[in-house]
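Trainee: So here's query08.cif (mmCIF, C-alpha atoms).
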data_protein
loop_
_atom_site.label_atom_id
_atom_site.label_comp_id
_atom_site.auth_asym_id
_atom_site.auth_seq_id
_atom_site.Cartn_x
_atom_site.Cartn_y
_atom_site.Cartn_z
CA MET A 1 -99.60 11.82 194.70
CA VAL A 2 -101.65 9.43 196.73
CA GLY A 3 -99.43 6.82 198.37
CA TYR A 4 -98.50 4.59 195.44
CA VAL A 5 -94.75 5.31 195.45
CA ARG A 6 -93.42 2.54 197.67
CA TYR A 7 -90.29 0.47 198.15
CA ASP A 8 -89.99 -3.25 197.41
CA LEU A 9 -89.30 -4.68 200.86
CA PRO A 10 -88.00 -8.16 199.85
CA ASP A 11 -85.21 -6.52 197.85
CA LEU A 12 -84.52 -3.66 200.28
CA ARG A 13 -81.26 -3.78 202.22
CA ILE A 14 -81.33 -3.11 205.95
CA LYS A 15 -79.21 0.04 205.61
CA ASP A 16 -81.66 1.44 203.07
CA PHE A 17 -84.68 0.54 205.17
CA MET A 18 -83.10 2.35 208.12
CA LEU A 19 -82.42 5.38 205.92
CA TYR A 20 -86.02 5.37 204.70
CA LYS A 21 -87.28 5.24 208.29
CA ALA A 22 -85.03 8.17 209.23
CA LEU A 23 -86.25 10.19 206.24
CA TYR A 24 -89.88 9.35 206.97
CA CYS A 25 -89.56 10.57 210.55
CA GLY A 26 -87.51 13.59 209.49
CA LEU A 27 -90.20 14.58 206.99
CA CYS A 28 -92.83 14.22 209.71
CA LYS A 29 -90.90 16.67 211.88
CA GLY A 30 -90.33 18.92 208.88
CA ILE A 31 -94.07 19.08 208.21
CA GLY A 32 -94.67 20.08 211.82
CA LYS A 33 -92.08 22.85 211.68
CA ALA A 34 -93.18 24.16 208.27
CA CYS A 35 -96.96 23.82 208.57
CA GLY A 36 -97.90 23.02 212.16
CA GLN A 37 -98.49 19.83 214.10
CA ALA A 38 -101.94 19.03 212.69
CA ALA A 39 -100.49 18.83 209.18
CA ARG A 40 -98.30 15.90 210.22
CA MET A 41 -101.37 13.67 209.86
CA GLY A 42 -100.89 13.89 206.08
CA LEU A 43 -97.39 12.37 206.11
CA SER A 44 -96.89 10.68 202.75
CA TYR A 45 -94.75 7.80 201.44
CA ASP A 46 -94.65 9.63 198.10
CA VAL A 47 -92.99 12.72 199.55
CA THR A 48 -90.62 10.54 201.59
CA PHE A 49 -89.41 9.18 198.24
CA LEU A 50 -88.96 12.75 197.02
CA SER A 51 -86.89 13.50 200.12
CA ALA A 52 -84.61 10.54 199.42
CA ILE A 53 -83.99 11.26 195.75
CA LEU A 54 -83.89 15.08 195.88
CA HIS A 55 -81.42 15.14 198.78
CA ASN A 56 -79.20 12.79 196.80
CA VAL A 57 -79.37 14.58 193.46
CA ALA A 58 -78.85 17.95 195.17
CA GLY A 59 -75.78 16.56 196.95
CA THR A 60 -77.23 17.46 200.35
CA ASP A 61 -75.90 15.05 202.96
CA ILE A 62 -78.56 13.56 205.23
CA ARG A 63 -77.56 13.89 208.86
CA VAL A 64 -79.24 11.20 211.00
CA GLU A 65 -79.50 11.95 214.72
CA LYS A 66 -81.06 10.21 217.71
CA GLN A 67 -84.11 12.31 218.56
CA ARG A 68 -87.36 12.09 220.46
CA CYS A 69 -90.74 12.82 218.94
CA ALA A 70 -94.36 12.93 220.11
CA GLU A 71 -94.84 9.20 219.47
CA HIS A 72 -91.50 8.24 220.98
CA CYS A 73 -91.00 10.59 223.87
CA LEU A 74 -88.97 8.14 225.99
CA VAL A 75 -86.67 6.33 223.57
CA ARG A 76 -84.72 8.32 221.00
CA GLN A 77 -85.08 7.23 217.37
CA PRO A 78 -82.74 7.71 214.37
CA ILE A 79 -84.29 10.68 212.56
CA ALA A 80 -83.00 12.71 209.61
CA ALA A 81 -82.22 16.25 210.74
CA ILE A 82 -84.46 18.96 209.30
CA ASP A 83 -82.86 21.11 206.60
CA GLY A 84 -84.17 23.61 204.06
CA LEU A 85 -85.17 20.94 201.58
CA THR A 86 -87.06 18.98 204.25
CA LEU A 87 -89.02 22.09 205.20
CA ALA A 88 -89.95 22.75 201.57
CA LEU A 89 -91.03 19.12 201.17
CA GLY A 90 -93.05 19.39 204.37
CA ALA A 91 -94.89 22.33 202.83
CA LEU A 92 -95.34 20.38 199.58
CA ASN A 93 -96.76 17.41 201.46
CA THR A 94 -99.34 19.66 203.12
CA VAL A 95 -100.28 21.43 199.89
CA LEU A 96 -100.76 18.14 198.02
CA ILE A 97 -102.97 16.60 200.69
CA TYR A 98 -105.01 19.82 200.96
CA TYR A 99 -105.66 19.91 197.23
CA LYS A 100 -106.46 16.20 197.14
CA LEU A 101 -109.07 16.62 199.89
CA THR A 102 -110.45 19.68 198.10
CA ASP A 103 -110.79 17.59 194.94
CA ASP A 104 -112.56 14.87 196.93
CA VAL A 105 -115.02 17.41 198.31
CA GLU A 106 -115.74 18.81 194.83
CA ASP A 107 -116.31 15.27 193.54
CA GLY A 108 -118.91 14.72 196.24
CA ASP A 109 -116.73 12.38 198.31
CA ARG A 110 -115.92 12.68 201.97
CA GLY A 111 -113.03 14.95 202.85
CA ARG A 112 -114.48 18.19 204.14
CA GLY A 113 -113.87 17.29 207.79
CA LYS A 114 -110.33 16.06 207.15
CA ARG A 115 -109.46 19.15 205.14
CA VAL A 116 -110.02 21.35 208.20
CA TRP A 117 -106.89 19.84 209.78
CA PHE A 118 -104.76 21.14 206.93
CA LYS A 119 -106.16 24.65 206.37
CA LYS A 120 -103.72 26.45 208.67
CA GLY A 121 -100.82 24.44 207.30
CA PHE A 122 -101.86 25.28 203.76
CA ARG A 123 -101.96 28.99 204.60
CA ARG A 124 -98.48 28.77 206.12
CA ALA A 125 -97.16 26.98 203.04
CA LYS A 126 -98.73 29.62 200.80
CA ARG A 127 -97.08 32.36 202.87
CA ASP A 128 -93.60 30.82 203.07
CA TYR A 129 -93.42 28.93 199.74
CA PRO A 130 -95.61 30.92 197.32
CA GLU A 131 -93.76 29.73 194.19
CA LEU A 132 -94.10 26.09 195.20
CA VAL A 133 -97.81 26.49 195.96
CA GLU A 134 -98.30 28.29 192.64
CA ILE A 135 -96.70 25.38 190.75
CA VAL A 136 -99.08 22.92 192.40
CA ALA A 137 -102.10 25.21 191.91
CA ARG A 138 -101.35 25.59 188.19
CA GLY A 139 -100.96 21.84 187.85
CA MET A 140 -104.23 21.15 189.62
CA GLU A 141 -106.09 23.68 187.48
CA LYS A 142 -104.60 22.22 184.31
CA GLN A 143 -105.65 18.75 185.47
CA ALA A 144 -109.15 19.97 186.23
CA GLU A 145 -109.40 21.52 182.76
CA THR A 146 -108.28 18.22 181.21
CA GLU A 147 -111.06 16.44 183.06
CA ARG A 148 -113.64 19.07 182.14
CA ARG A 149 -112.76 18.55 178.47
CA LYS A 150 -113.00 14.78 178.99
CA VAL A 151 -109.69 14.10 177.28
CA ALA A 152 -109.72 10.42 176.30
CA SER A 153 -106.00 9.84 175.69
CA PRO A 154 -104.31 8.46 178.84
CA ASP A 155 -101.02 10.08 177.82
CA ALA A 156 -102.60 13.50 177.35
CA ALA A 157 -104.72 13.15 180.49
CA ALA A 158 -101.64 12.43 182.62
CA ASP A 159 -99.62 15.35 181.24
CA ALA A 160 -100.80 17.92 183.81
CA SER A 161 -99.79 15.83 186.83
CA ALA A 162 -96.55 14.77 185.16
CA ASP A 163 -95.62 18.34 184.29
CA MET A 164 -96.46 19.49 187.82
CA LEU A 165 -94.04 17.02 189.41
CA ARG A 166 -91.37 17.92 186.85
CA SER A 167 -91.81 21.62 187.71
CA VAL A 168 -91.75 20.90 191.45
CA SER A 169 -88.48 18.96 191.11
CA ALA A 170 -86.91 21.70 188.99
CA TYR A 171 -87.90 24.31 191.57
CA LEU A 172 -86.50 22.31 194.49
CA LEU A 173 -83.30 21.24 192.71
CA GLY A 174 -82.54 24.67 191.28
CA GLU A 175 -79.28 24.60 189.31
CA LYS A 176 -78.92 20.86 189.98
CA ALA A 177 -81.93 20.12 187.77
CA THR A 178 -81.07 18.54 184.41
CA GLU A 179 -82.88 17.21 181.37
CA ALA A 180 -82.63 13.73 182.89
CA THR A 181 -84.13 14.77 186.26
CA ASP A 182 -86.90 16.62 184.44
CA GLY A 183 -87.62 13.48 182.42
CA LEU A 184 -87.55 11.16 185.42
CA PHE A 185 -89.92 13.22 187.53
CA TYR A 186 -92.23 13.72 184.56
CA ASP A 187 -92.36 9.93 184.18
CA VAL A 188 -93.04 9.36 187.88
CA GLY A 189 -95.81 11.97 187.87
CA LYS A 190 -97.36 10.36 184.82
CA TRP A 191 -97.15 6.91 186.40
CA VAL A 192 -98.87 8.14 189.59
CA TYR A 193 -101.77 9.58 187.61
CA LEU A 194 -102.23 6.50 185.44
CA ILE A 195 -101.94 3.95 188.25
CA ASP A 196 -104.51 5.93 190.22
CA ALA A 197 -106.83 5.96 187.18
CA LEU A 198 -106.44 2.19 186.82
CA ASP A 199 -106.94 1.57 190.53
CA ASP A 200 -110.09 3.76 190.59
CA TYR A 201 -111.55 2.30 187.38
CA ASP A 202 -114.48 0.53 189.03
CA LYS A 203 -115.22 3.39 191.42
CA ASP A 204 -115.23 5.90 188.57
CA ALA A 205 -117.43 3.61 186.47
CA ALA A 206 -119.95 3.33 189.30
CA LYS A 207 -120.13 7.13 189.64
CA ASP A 208 -119.83 7.76 185.88
CA ALA A 209 -116.83 9.93 186.77
CA TYR A 210 -114.03 10.95 184.42
CA ASN A 211 -111.42 8.28 183.79
CA PRO A 212 -109.25 8.40 180.64
CA LEU A 213 -108.79 4.63 180.57
CA ARG A 214 -112.54 4.12 180.61
CA LEU A 215 -113.04 6.70 177.84
CA THR A 216 -110.34 5.06 175.73
CA TYR A 217 -111.30 1.40 176.12
CA GLY A 218 -114.93 1.51 177.26
CA SER A 219 -114.78 -1.68 179.35
CA ARG A 220 -117.56 -1.98 181.92
CA ASP A 221 -115.16 -2.80 184.80
CA LYS A 222 -111.47 -3.24 185.49
CA ALA A 223 -111.53 -7.03 185.27
CA THR A 224 -112.99 -6.77 181.76
CA LEU A 225 -110.51 -4.02 180.87
CA ILE A 226 -107.56 -6.26 181.78
CA ALA A 227 -109.08 -9.29 180.06
CA GLU A 228 -109.75 -7.42 176.82
CA HIS A 229 -106.94 -4.85 176.76
CA GLY A 230 -104.33 -6.18 179.19
CA SER A 231 -101.53 -6.04 176.63
CA ASP A 232 -102.27 -2.37 175.89
CA ILE A 233 -102.26 -1.52 179.60
CA ALA A 234 -99.01 -3.41 180.14
CA PHE A 235 -97.42 -1.62 177.17
CA LEU A 236 -98.52 1.75 178.56
CA PHE A 237 -96.69 1.13 181.84
CA ASP A 238 -93.73 -0.73 180.34
CA THR A 239 -92.86 2.23 178.11
CA LEU A 240 -92.92 4.45 181.18
CA PHE A 241 -90.61 2.11 183.09
CA TYR A 242 -88.22 2.00 180.15
CA ASP A 243 -88.07 5.79 180.04
CA MET A 244 -87.54 5.93 183.81
CA ARG A 245 -84.58 3.57 183.54
CA GLU A 246 -83.08 5.62 180.72
CA ASN A 247 -83.39 8.89 182.62
CA LEU A 248 -82.19 7.32 185.85
CA SER A 249 -79.03 6.08 184.14
CA ARG A 250 -78.16 9.66 183.13
CA ILE A 251 -78.52 11.18 186.60
CA SER A 252 -75.44 11.69 188.76
CA PHE A 253 -75.95 10.64 192.39
CA PRO A 254 -73.27 11.90 194.83
CA PHE A 255 -74.36 9.35 197.44
CA ASN A 256 -75.58 5.76 197.52
CA ARG A 257 -78.55 5.30 195.18
CA ASP A 258 -79.72 1.85 196.32
CA LEU A 259 -82.85 3.14 198.07
CA THR A 260 -84.19 5.19 195.18
CA ASP A 261 -83.27 2.50 192.66
CA ASN A 262 -85.27 0.03 194.75
CA ILE A 263 -88.32 2.29 194.72
CA ILE A 264 -88.21 3.25 191.04
CA LEU A 265 -86.98 0.02 189.46
CA ARG A 266 -88.75 -2.48 191.71
CA GLY A 267 -91.34 -0.74 193.90
CA LEU A 268 -93.28 0.96 191.11
CA PRO A 269 -93.49 -2.16 188.88
CA ARG A 270 -94.63 -4.28 191.84
CA GLU A 271 -97.31 -1.75 192.73
CA THR A 272 -98.42 -1.76 189.09
CA GLU A 273 -98.72 -5.55 189.14
CA ARG A 274 -100.78 -5.35 192.33
CA VAL A 275 -103.24 -2.90 190.80
CA ILE A 276 -103.52 -4.87 187.56
CA ARG A 277 -104.26 -8.04 189.57
CA GLY A 278 -106.91 -6.13 191.53
CA GLU A 279 -105.34 -6.88 194.90
CA LYS A 280 -105.91 -4.62 197.88
CA ARG A 281 -102.98 -2.50 198.95
CA LYS A 282 -100.98 -4.13 201.71
CA LYS A 283 -99.78 -2.05 204.60
CA MET A 284 -96.09 -1.29 204.44
CA LYS A 285 -93.92 -2.69 207.18
CA LYS A 286 -94.28 -0.37 210.16
CA ILE A 287 -91.86 2.49 209.69
CA VAL A 288 -91.30 3.23 213.37
CA LYS A 289 -91.54 1.06 216.46
#
As C-alpha cells, what does this structure read like?

Mentor:
Amino acid sequence: MVGYVRYDLPDLRIKDFMLYKALYCGLCKGIGKACGQAARMGLSYDVTFLSAILHNVAGTDIRVEKQRCAEHCLVRQPIAAIDGLTLALGALNTVLIYYKLTDDVEDGDRGRGKRVWFKKGFRRAKRDYPELVEIVARGMEKQAETERRKVASPDAAADASADMLRSVSAYLLGEKATEATDGLFYDVGKWVYLIDALDDYDKDAAKDAYNPLRLTYGSRDKATLIAEHGSDIAFLFDTLFYDMRENLSRISFPFNRDLTDNIILRGLPRETERVIRGEKRKKMKKIVK
C-alpha cells in the first residue's frame, strides 16, 4: 500500500475529519511504541484507513484524548488512545514500508538510505508480531513470483496483493472476520495494486519493467493506453467498485460508518479518476496543525 487510499474532502463531514486526524496521530504514536521513533517517518494514510475500519468492524471503541506529541509539545491535540489493534497496525505500517523500500532497492531505485531508518522497527515487528510479518512476507514473495513469471492478466497479477490484505484483515479481526470483510479487503488490495500499476505505467515503460497493464494492452504510454483502451480500464475499476459496495453493504458496523464510506465509496473513485487523467497527486489537507 503506497498512499492511494484517501478520503474525499469535499464530502467529508467535520466530525469525520476530526476522527481521521485523531486516528492518524494515534497511529503515529502506535508506530513509535511498537517499532521505535524512527519508524514513525513511514506513517501512512493507507494504514490510517485500516485503523478506522478495523476498529469499527471489531467493535473496539476509539477513545480520543487530549495529548502532547513531539510535534506539538506545548498544545495538546485530540489523539486516539493506543490500544492493541493500534500497536499491531503500527507494526504493519513499518513492515509494509520496509518491504516497499526493499523492493525499490531490488528494482534499482533509490531507497537503501531510507530503509536504514526502518530496520530496527522491522526487527521489533518480526519479534512481536511474527504471524503478521509472515503474512506480509508470503504476500510479497507471491507477488515477486507473479512478476518473475510476467503474468499478463491484471486480475491475476493483483491477486497476491489482494490476498495479502485479505489475510491481514482476517488476522487482525479474528472471530469478527466474515466473508464480506474478506471480500472487501481483497477488493481494496486489488485496487491498490492496479491503481499503482496504472500510475506507474510510463515509468515502467521507460525502464522496461514489469507492468501487467502494459503486457495486456501494449500501449507505448499511459495517454495512449487511455485513448485506445479507456473503456476497458474503466470497466476494470468499475467492477471492483461494484464488488466493494456489495461487500460493504453486508458488513455490520457497531459505530458510525460515515468516514470509511467516504473513503471507499468516494475517495477511491476520485483517486482513480485522478490517475486516469494523469494529474499529479495533490497533498491532502494538513492533518495536524

Trainee: Starting from the shown file, work through the PyMOL selection byres ((chain A and resi 84-95) around 8) and note down what comes out as number ranges by chain.

Mentor: A: 26-28, 30-35, 39, 42-44, 47, 50-51, 55, 82-83, 96-99, 118, 121-122, 125, 129, 132-133, 136, 172

Trainee: Nearest residue to A:Asp182 out of A:Ala197, A:Ile14, A:Ala162, A:Leu240, using all atoms listed in the file?

Mentor: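 Among the listed residues, the smallest separation from A:Asp182 belongs to A:Ala162.
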
Trainee: Rounded to one decimal place, report the atom CA of A:Asp187-atom CA of A:Glu141 distance in Å.

Mentor: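 That distance, rounded to one decimal, is 19.7 Å.
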
Trainee: Do a neighbour search on stretch 252-262 of chain A at 8 Å with only C-alpha atoms, toss out local chain neighbours closer than 5 positions, and write the hits as a ChimeraX atom specification.

Mentor: /A:7-8,11-12,16-17,20,49,52-53,56-57,59,267

Trainee: For the PyMOL selection byres ((chain A and resi 67) around 10), applied here, can you spell out every residue it catches as a PyMOL selection string?

Mentor: chain A and resi 25-26+64-66+68-69+72-81

Trainee: On this structure, the PyMOL selection byres ((chain A and resi 3) around 6) would catch which residues? List them as number ranges by chain, sorted by chain and number.

Mentor: A: 2, 4-5, 45-46

Trainee: Mind pulling up the distance from atom CA of A:Leu215 to atom CA of A:Glu145?

Mentor: 16.0 Å

Trainee: Please determine, counting all atoms listed in the file, which residue among A:Pro154, A:Gly174, A:Gly189, A:Gly36 has the shortest atom-to-atom distance to A:Gly139.

Mentor: A:Gly189

Trainee: When you look at A:Leu173 with a cut-off of 10 Å (counting only C-alpha atoms), what residues show up, excluding the ones that are within fewer than 2 positions of it in the same chain? I need them as a PyMOL selection string.

Mentor: chain A and resi 54-55+57-59+85+167-171+175-178+181

Trainee: Nearest to A:Met140 among A:Asp204, A:Asp61, A:Asp159, A:Glu271, with distances taken over all atoms listed in the file: which residue is it?

Mentor: A:Asp159

Trainee: Please indicate the distance in Å from atom CA of A:Phe185 to atom CA of A:Arg166, rounded to one decimal place.

Mentor: 5.0 Å

Trainee: Tell me which of A:Lys142, A:Leu101, A:Arg270, A:Thr60 sits closest to A:Trp117, counting only C-alpha atoms.

Mentor: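 Checking each of A:Lys142, A:Leu101, A:Arg270, A:Thr60 against A:Trp117, counting only C-alpha atoms, the winner is A:Leu101.
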
Trainee: Find the spatial neighbours of stretch 230-234 of chain A, counting all atoms listed in the file, within a cut-off of 12 Å - ignore same-chain residues fewer than 3 positions away - and output them as number ranges by chain.

Mentor: A: 154-155, 191, 194-195, 197-198, 213-214, 216-217, 219, 222-227, 237-241, 269, 272-273, 275-277

Trainee: If you take every atom of stretch 174-185 of chain A that the file lists and fit an axis-aligned box around them with 5 Å extra on each side, what centre and edge lengths come out in Å to one decimal, as JSON?

Mentor:
{"center_x": -84.4, "center_y": 17.9, "center_z": 186.3, "size_x": 21.0, "size_y": 23.5, "size_z": 19.9}

Trainee: Residues within 8 Å of A:Asn247, please, as a VMD selection string. Count only C-alpha atoms; anything in the same chain fewer than 4 positions from it doesn't count.

Mentor: chain A and resid 180 to 181 183 to 184 243 251

Trainee: Smallest atom-to-atom distance to A:Lys21: which of A:Ile264, A:Thr48, A:Tyr186, A:Arg127, using all atoms listed in the file?

Mentor: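 Ranking A:Ile264, A:Thr48, A:Tyr186, A:Arg127 by distance to A:Lys21, first place goes to A:Thr48.
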
Trainee: Could you check the closest approach to A:Gln143 for each of A:Asp199, A:Val105, A:Arg124, A:Pro212 and tell me which residue wins, using all atoms listed in the file?

Mentor: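 The answer is A:Pro212, which sits nearest to A:Gln143.
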